[in-house]
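Coordinates from run.cif are shown below (mmCIF, C-alpha atoms).
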```
data_my_file
#
loop_
_atom_site.label_atom_id
_atom_site.label_comp_id
_atom_site.auth_asym_id
_atom_site.auth_seq_id
_atom_site.Cartn_x
_atom_site.Cartn_y
_atom_site.Cartn_z
CA MET A 8 0.77 25.70 6.48
CA ALA A 9 3.92 26.85 4.72
CA LEU A 10 6.72 28.23 6.83
CA PRO A 11 9.01 31.06 5.68
CA SER A 12 12.47 30.31 4.39
CA ASP A 13 15.49 31.59 6.27
CA GLU A 14 14.97 35.27 5.56
CA MET A 15 16.25 37.56 8.31
CA GLY A 16 17.31 34.45 10.26
CA ALA A 17 13.74 33.15 10.53
CA ASP A 18 14.86 29.50 10.52
CA SER A 19 16.81 30.02 13.72
CA ARG A 20 13.52 30.65 15.49
CA LEU A 21 11.96 27.37 14.34
CA ALA A 22 11.88 24.14 16.34
CA VAL A 23 13.09 21.47 13.91
CA THR A 24 13.31 17.76 14.70
CA PHE A 25 14.25 14.94 12.37
CA TYR A 26 13.06 11.49 13.41
CA LYS A 27 12.16 8.03 12.08
CA ARG A 28 8.61 6.87 11.55
CA SER A 29 7.37 3.40 10.63
CA MET A 30 4.93 3.46 7.73
CA LYS A 31 2.71 0.54 6.73
CA GLN A 32 3.36 -0.78 3.22
CA ASP A 33 -0.08 -1.72 1.93
CA ASP A 34 0.98 -3.71 -1.15
CA GLU A 35 3.65 -5.64 0.73
CA SER A 36 1.26 -6.27 3.62
CA MET A 37 -1.35 -7.69 1.25
CA ALA A 38 1.25 -9.93 -0.41
CA ALA A 39 2.70 -11.12 2.92
CA GLY A 40 -0.62 -11.65 4.69
CA ARG A 41 0.55 -9.64 7.69
CA PRO A 42 1.27 -5.97 8.42
CA ILE A 43 4.61 -4.91 6.94
CA PHE A 44 6.15 -1.62 8.05
CA LYS A 45 9.22 0.25 6.87
CA GLU A 46 11.04 3.13 8.54
CA PHE A 47 11.44 6.50 6.85
CA ASP A 48 13.10 9.79 7.81
CA PHE A 49 10.60 12.47 8.82
CA VAL A 50 10.93 16.09 9.87
CA ARG A 51 8.74 18.07 12.26
CA ILE A 52 8.92 21.88 11.98
CA CYS A 53 7.16 24.04 14.57
CA VAL A 54 6.97 27.70 15.48
CA PRO A 55 7.47 28.00 19.25
CA GLY A 56 4.43 29.57 20.87
CA ASP A 57 2.22 28.89 17.85
CA SER A 58 0.25 25.65 18.30
CA LEU A 59 -1.48 26.05 14.94
CA THR A 60 1.63 26.13 12.76
CA GLU A 61 3.34 22.79 12.31
CA ILE A 62 4.76 20.73 9.44
CA ASP A 63 5.24 17.00 9.88
CA THR A 64 6.33 15.28 6.67
CA TYR A 65 8.87 13.08 4.92
CA ALA A 66 12.38 14.53 5.14
CA HIS A 67 13.36 15.63 1.64
CA GLU A 68 16.70 16.86 0.42
CA GLU A 69 15.59 20.48 0.69
CA HIS A 70 14.87 19.96 4.41
CA LYS A 71 18.32 18.48 4.97
CA ALA A 72 19.95 21.38 3.14
CA ARG A 73 17.80 23.99 4.87
CA PHE A 74 18.46 22.64 8.38
CA PRO A 75 21.98 21.16 8.16
CA ARG A 76 22.71 21.45 11.91
CA GLN A 77 19.57 19.54 12.93
CA TRP A 78 20.13 16.98 10.19
CA ALA A 79 23.73 16.37 11.28
CA HIS A 80 22.57 15.96 14.89
CA TYR A 81 19.94 13.44 13.79
CA GLN A 82 22.49 11.48 11.75
CA ASN A 83 24.85 11.31 14.73
CA GLN A 84 22.02 9.98 16.90
CA THR A 85 20.97 7.32 14.40
CA ALA A 86 24.47 6.25 13.35
CA GLY A 87 24.54 2.46 13.25
CA HIS A 88 20.76 2.29 13.48
CA GLU A 89 19.47 -0.83 11.75
CA GLN A 90 16.79 -0.28 9.15
CA ILE A 91 13.62 -1.93 10.46
CA VAL A 92 11.46 -3.69 7.88
CA GLY A 93 8.86 -6.29 8.81
CA THR A 94 5.96 -6.83 11.18
CA PRO A 95 6.44 -4.59 14.25
CA ILE A 96 6.49 -6.59 17.47
CA GLU A 97 3.71 -4.39 18.89
CA GLU A 98 1.42 -5.50 16.01
CA TRP A 99 1.59 -9.11 17.27
CA THR A 100 -1.53 -9.67 19.33
CA ILE A 101 -0.21 -12.51 21.52
CA ILE A 102 1.89 -10.07 23.56
CA SER A 103 0.93 -6.94 25.47
CA ARG A 104 2.16 -3.44 24.72
CA SER A 105 4.45 -3.49 27.77
CA GLN A 106 5.96 -6.81 26.66
CA ALA A 107 6.51 -5.36 23.19
CA ASP A 108 8.30 -2.36 24.72
CA GLU A 109 10.56 -4.68 26.73
CA LEU A 110 11.39 -6.70 23.62
CA LYS A 111 12.19 -3.53 21.68
CA GLY A 112 14.41 -2.51 24.56
CA ILE A 113 16.64 -5.51 23.80
CA LYS A 114 16.47 -4.87 20.03
CA PHE A 115 13.71 -7.31 19.06
CA HIS A 116 11.67 -4.87 16.99
CA THR A 117 9.86 -7.28 14.67
CA VAL A 118 8.21 -10.71 14.73
CA GLU A 119 10.80 -11.76 12.14
CA SER A 120 13.64 -10.95 14.54
CA VAL A 121 12.09 -13.31 17.13
CA ALA A 122 11.49 -16.09 14.59
CA ASN A 123 15.11 -15.88 13.38
CA ALA A 124 16.68 -15.56 16.85
CA SER A 125 19.50 -17.93 17.76
CA ASP A 126 19.44 -19.99 20.96
CA LEU A 127 21.93 -17.53 22.46
CA GLN A 128 19.71 -14.56 21.57
CA LEU A 129 16.70 -16.32 23.11
CA GLN A 130 18.47 -16.25 26.46
CA ARG A 131 18.15 -12.47 26.37
CA ILE A 132 14.40 -12.73 25.86
CA GLY A 133 13.94 -15.04 28.83
CA MET A 134 10.35 -14.94 30.09
CA ILE A 135 9.54 -11.43 28.82
CA ALA A 136 6.72 -12.80 26.65
CA GLY A 137 5.30 -14.79 29.57
CA MET A 138 6.37 -18.14 28.12
CA ASN A 139 9.42 -20.25 27.44
CA PRO A 140 11.56 -18.33 24.89
CA TYR A 141 11.81 -21.41 22.65
CA SER A 142 8.02 -21.67 22.58
CA PHE A 143 7.91 -17.96 21.87
CA ARG A 144 10.21 -18.41 18.88
CA ASP A 145 8.09 -21.35 17.63
CA LYS A 146 4.96 -19.19 17.84
CA ALA A 147 6.71 -16.47 15.84
CA LYS A 148 7.63 -18.98 13.14
CA ALA A 149 4.09 -20.36 13.08
CA PHE A 150 2.69 -16.83 12.78
CA LEU A 151 4.91 -16.05 9.80
CA ASN A 152 4.16 -19.39 8.11
CA LEU A 153 0.42 -18.83 8.48
CA ALA A 154 0.78 -15.28 7.22
CA ASP A 155 2.68 -16.55 4.17
CA GLN A 156 -0.21 -18.89 3.37
CA VAL A 157 -2.66 -16.00 3.72
CA GLY A 158 -0.39 -13.88 1.53
CA GLU A 159 -0.37 -16.54 -1.19
CA THR A 160 -4.17 -16.73 -1.01
CA ASN A 161 -4.40 -12.93 -1.24
CA GLN A 162 -2.12 -12.94 -4.28
CA ARG A 163 -4.18 -15.62 -6.02
CA GLU A 164 -7.39 -13.72 -5.28
CA GLU A 165 -5.83 -10.52 -6.59
CA GLU A 166 -4.69 -12.29 -9.77
CA LEU A 167 -8.18 -13.80 -10.23
CA SER A 168 -9.75 -10.40 -9.67
CA LYS A 169 -7.48 -8.84 -12.32
CA LEU A 170 -8.27 -11.70 -14.71
CA ARG A 171 -12.01 -11.22 -14.17
CA GLN A 172 -11.64 -7.49 -14.83
CA GLU A 173 -9.65 -8.16 -18.01
CA ASN A 174 -12.22 -10.71 -19.20
CA ALA A 175 -15.04 -8.28 -18.45
CA ALA A 176 -13.26 -5.55 -20.41
CA ILE A 177 -12.69 -7.92 -23.36
CA LYS A 178 -16.37 -8.95 -23.30
CA MET A 179 -17.52 -5.34 -23.21
CA GLU A 180 -15.27 -4.52 -26.15
CA ALA A 181 -16.50 -7.55 -28.11
CA ASP A 182 -20.16 -6.71 -27.34
CA ALA A 183 -19.59 -3.13 -28.48
CA LYS A 184 -18.06 -4.32 -31.77
CA LEU A 185 -20.94 -6.75 -32.37
CA ALA A 186 -23.47 -4.03 -31.64
CA LYS A 187 -21.72 -1.67 -34.06
CA GLN A 188 -21.60 -4.36 -36.75
CA GLN A 189 -25.32 -5.06 -36.26
CA GLU A 190 -26.06 -1.35 -36.60
CA GLN A 191 -24.11 -1.27 -39.87
CA ILE A 192 -25.97 -4.35 -41.14
CA ASP A 193 -29.34 -2.85 -40.18
CA ALA A 194 -28.42 0.44 -41.92
CA LEU A 195 -27.35 -1.43 -45.07
CA MET A 196 -30.56 -3.49 -45.14
CA ALA A 197 -32.60 -0.31 -44.77
CA MET A 198 -30.77 1.33 -47.69
CA MET A 199 -31.32 -1.75 -49.89
CA ALA A 200 -35.00 -1.75 -49.01
CA GLU A 201 -35.35 1.90 -50.08
CA LYS A 202 -33.61 1.30 -53.45
CA LYS A 203 -35.63 -1.83 -54.33
CA PRO A 204 -38.05 -1.00 -57.27
CA LYS A 205 -41.71 -1.23 -56.49
CA GLY A 206 -43.61 -4.02 -58.35
CA ARG A 207 -46.26 -3.13 -61.00
CA LYS A 208 -49.88 -3.79 -60.19
CA PRO A 209 -51.39 -6.61 -62.27
CA LYS A 210 -53.66 -5.42 -65.16
CA GLN A 211 -57.33 -6.10 -64.56
CA THR A 212 -59.20 -7.97 -67.38
CA GLU A 213 -62.74 -7.10 -68.37
CA GLU A 214 -65.28 -9.85 -67.98
CA VAL A 215 -67.35 -10.68 -71.12
CA ASP A 216 -71.02 -11.41 -70.60
#
```
Could you rewrite the structure in this file as structure tokens?
Amino acid sequence: MALPSDEMGADSRLAVTFYKRSMKQDDESMAAGRPIFKEFDFVRICVPGDSLTEIDTYAHEEHKARFPRQWAHYQNQTAGHEQIVGTPIEEWTIISRSQADELKGIKFHTVESVANASDLQLQRIGMIAGMNPYSFRDKAKAFLNLADQVGETNQREEELSKLRQENAAIKMEADAKLAKQQEQIDALMAMMAEKKPKGRKPKQTEEVD
């Protein structure tokens, strides 16, 4: 539902919140063989006291210009925030949701961040994942390696599927051309048959007794 612009100070009565949301990237996920998410700026606009009126969408430039105070506050809060791209740690099924929350609390937001962790960084993880941190890192690397293999398989299957579609389209086009040519040949043969002069009947001879 559309909300009014700031006429008569209407915007001052709106509850506006900018925030980040992780969105799954379908094409990248298919290519990587694992769920890939990327963070985007979103804005939620509500009318206090009205539970039916709410906008929750990507933050566009017009939102930033329309609500400069809320946007500035959001930027101050997220200053220095690292852009998160990869497989969210909570999407990894070998750990529980509570373990994922603990890992995010010490800035391990993705499986990639665990796989690339230094020995010093592993000390911060400790036994959060319920196993030796070095084993945890090895499992993260194995997960990514396996996902890469799946991603390569997915890419090959996608390429084969496109090739099959292209070949099918080429065959259909060729069949259509052949059918049209046959129609033209049949029409030409019919015309030639109509123009062909009819043969004279042989003259009958009288028999002499």
Separation of CA of Ile96 in chain A from CA of Val118 in chain A in Å
5.2 Å
Matched chain/residue IDs from the PyMOL selection byres ((chain A and resi 129) around 12), as a ChimeraX atom specification
/A:110,113-115,120-128,130-136,138-145
Computed interatomic separation between CA of Tyr81 in chain A and CA of Asp33 in chain A (Å)
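Separation between CA of Tyr81 in chain A and CA of Asp33 in chain A: 27.8 Å.
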As an exercise, work out the distance from CA of Phe49 in chain A to CA of Asp18 in chain A in Å and give it to one decimal place.
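Between these atoms lies a distance of 17.6 Å.
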Would you please work out which residue, of A:Lys184, A:Lys45, A:Arg73, A:Lys31, is nearest to Ser19 in chain A when using all atoms listed in the file?
A:Arg73
So which residues get picked by the PyMOL selection byres ((chain A and resi 55) around 9) here, written as an mmCIF file with C-alpha atoms, in the frame of the given file?
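New file out.cif:
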```cif
data_model
loop_
_atom_site.group_PDB
_atom_site.id
_atom_site.type_symbol
_atom_site.label_atom_id
_atom_site.label_comp_id
_atom_site.auth_asym_id
_atom_site.auth_seq_id
_atom_site.Cartn_x
_atom_site.Cartn_y
_atom_site.Cartn_z
ATOM 1 C CA ARG A 20 13.520 30.650 15.490
ATOM 2 C CA LEU A 21 11.960 27.370 14.340
ATOM 3 C CA ALA A 22 11.880 24.140 16.340
ATOM 4 C CA CYS A 53 7.160 24.040 14.570
ATOM 5 C CA VAL A 54 6.970 27.700 15.480
ATOM 6 C CA GLY A 56 4.430 29.570 20.870
ATOM 7 C CA ASP A 57 2.220 28.890 17.850
ATOM 8 C CA SER A 58 0.250 25.650 18.300
ATOM 9 C CA THR A 60 1.630 26.130 12.760
#
```
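On the file presented, the PyMOL selection byres ((chain A and resi 106) around 10) picks out Ile96, Glu97, Ile101, Ile102, Ser103, Arg104, Ser105, Ala107, Asp108, Glu109, Leu110, Lys111, Gly112, Met134, Ile135, Ala136 and Gly137 of chain A.
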Residues near Val50 in chain A, anyone? I mean within 8 Å using all atoms listed in the file, not counting same-chain ones fewer than 6 positions away, as a list in words.
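Here the answer would be Val23, Thr24, Phe25, Tyr26, Ile62, Asp63, Thr64, Tyr65, Ala66 and His70 of chain A.
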Name all residues at most 6 Å from range 146-156 of chain A (count all atoms listed in the file; drop same-chain ones fewer than 5 positions away) and give them as a PyMOL selection string.
chain A and resi 39-41+122
From the list A:Lys187, A:Leu195, A:Asp48, A:Val157, which residue is nearest Thr85 in chain A when using all atoms listed in the file?
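Going through A:Lys187, A:Leu195, A:Asp48, A:Val157 one by one, the smallest distance to Thr85 in chain A is for A:Asp48.
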Calculated over all atoms listed in the file, which of the candidates A:Glu190, A:Glu35, A:Glu68, A:Glu180 has the smallest distance to Gly93 in chain A?
A:Glu35
Mind rebuilding range 128-147 of chain A with N, CA and C atoms and writing that out as an mmCIF file, in the coordinates of the input?
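Okay, rebuild.cif is ready:
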```
data_model
loop_
_atom_site.group_PDB
_atom_site.id
_atom_site.type_symbol
_atom_site.label_atom_id
_atom_site.label_comp_id
_atom_site.auth_asym_id
_atom_site.auth_seq_id
_atom_site.Cartn_x
_atom_site.Cartn_y
_atom_site.Cartn_z
ATOM 1 N N GLN A 128 20.527 -15.773 21.504
ATOM 2 C CA GLN A 128 19.710 -14.560 21.570
ATOM 3 C C GLN A 128 18.439 -14.790 22.387
ATOM 4 N N LEU A 129 17.922 -16.017 22.337
ATOM 5 C CA LEU A 129 16.700 -16.320 23.110
ATOM 6 C C LEU A 129 16.934 -16.183 24.600
ATOM 7 N N GLN A 130 18.169 -16.389 25.041
ATOM 8 C CA GLN A 130 18.470 -16.250 26.460
ATOM 9 C C GLN A 130 18.224 -14.824 26.932
ATOM 10 N N ARG A 131 18.397 -13.871 26.020
ATOM 11 C CA ARG A 131 18.150 -12.470 26.370
ATOM 12 C C ARG A 131 16.661 -12.200 26.527
ATOM 13 N N ILE A 132 15.858 -12.926 25.763
ATOM 14 C CA ILE A 132 14.400 -12.730 25.860
ATOM 15 C C ILE A 132 13.872 -13.278 27.185
ATOM 16 N N GLY A 133 14.388 -14.448 27.573
ATOM 17 C CA GLY A 133 13.940 -15.040 28.830
ATOM 18 C C GLY A 133 12.428 -15.223 28.842
ATOM 19 N N MET A 134 11.801 -14.793 29.917
ATOM 20 C CA MET A 134 10.350 -14.940 30.090
ATOM 21 C C MET A 134 9.596 -13.641 29.830
ATOM 22 N N ILE A 135 10.190 -12.714 29.082
ATOM 23 C CA ILE A 135 9.540 -11.430 28.820
ATOM 24 C C ILE A 135 8.150 -11.615 28.244
ATOM 25 N N ALA A 136 8.011 -12.596 27.318
ATOM 26 C CA ALA A 136 6.720 -12.800 26.650
ATOM 27 C C ALA A 136 5.762 -13.644 27.478
ATOM 28 N N GLY A 137 6.161 -14.008 28.712
ATOM 29 C CA GLY A 137 5.300 -14.790 29.570
ATOM 30 C C GLY A 137 5.272 -16.263 29.221
ATOM 31 N N MET A 138 6.288 -16.720 28.497
ATOM 32 C CA MET A 138 6.370 -18.140 28.120
ATOM 33 C C MET A 138 7.826 -18.500 27.880
ATOM 34 N N ASN A 139 8.078 -19.776 27.762
ATOM 35 C CA ASN A 139 9.420 -20.250 27.440
ATOM 36 C C ASN A 139 9.886 -19.583 26.138
ATOM 37 N N PRO A 140 11.107 -19.032 26.095
ATOM 38 C CA PRO A 140 11.560 -18.330 24.890
ATOM 39 C C PRO A 140 11.583 -19.205 23.645
ATOM 40 N N TYR A 141 11.823 -20.510 23.810
ATOM 41 C CA TYR A 141 11.810 -21.410 22.650
ATOM 42 C C TYR A 141 10.384 -21.552 22.110
ATOM 43 N N SER A 142 9.427 -21.626 23.005
ATOM 44 C CA SER A 142 8.020 -21.670 22.580
ATOM 45 C C SER A 142 7.632 -20.361 21.911
ATOM 46 N N PHE A 143 8.175 -19.275 22.446
ATOM 47 C CA PHE A 143 7.910 -17.960 21.870
ATOM 48 C C PHE A 143 8.429 -17.888 20.440
ATOM 49 N N ARG A 144 9.645 -18.398 20.227
ATOM 50 C CA ARG A 144 10.210 -18.410 18.880
ATOM 51 C C ARG A 144 9.371 -19.292 17.953
ATOM 52 N N ASP A 145 8.923 -20.454 18.439
ATOM 53 C CA ASP A 145 8.090 -21.350 17.630
ATOM 54 C C ASP A 145 6.789 -20.661 17.221
ATOM 55 N N LYS A 146 6.203 -19.906 18.156
ATOM 56 C CA LYS A 146 4.960 -19.190 17.840
ATOM 57 C C LYS A 146 5.208 -18.119 16.781
ATOM 58 N N ALA A 147 6.368 -17.483 16.854
ATOM 59 C CA ALA A 147 6.710 -16.470 15.840
ATOM 60 C C ALA A 147 6.836 -17.113 14.463
#
```
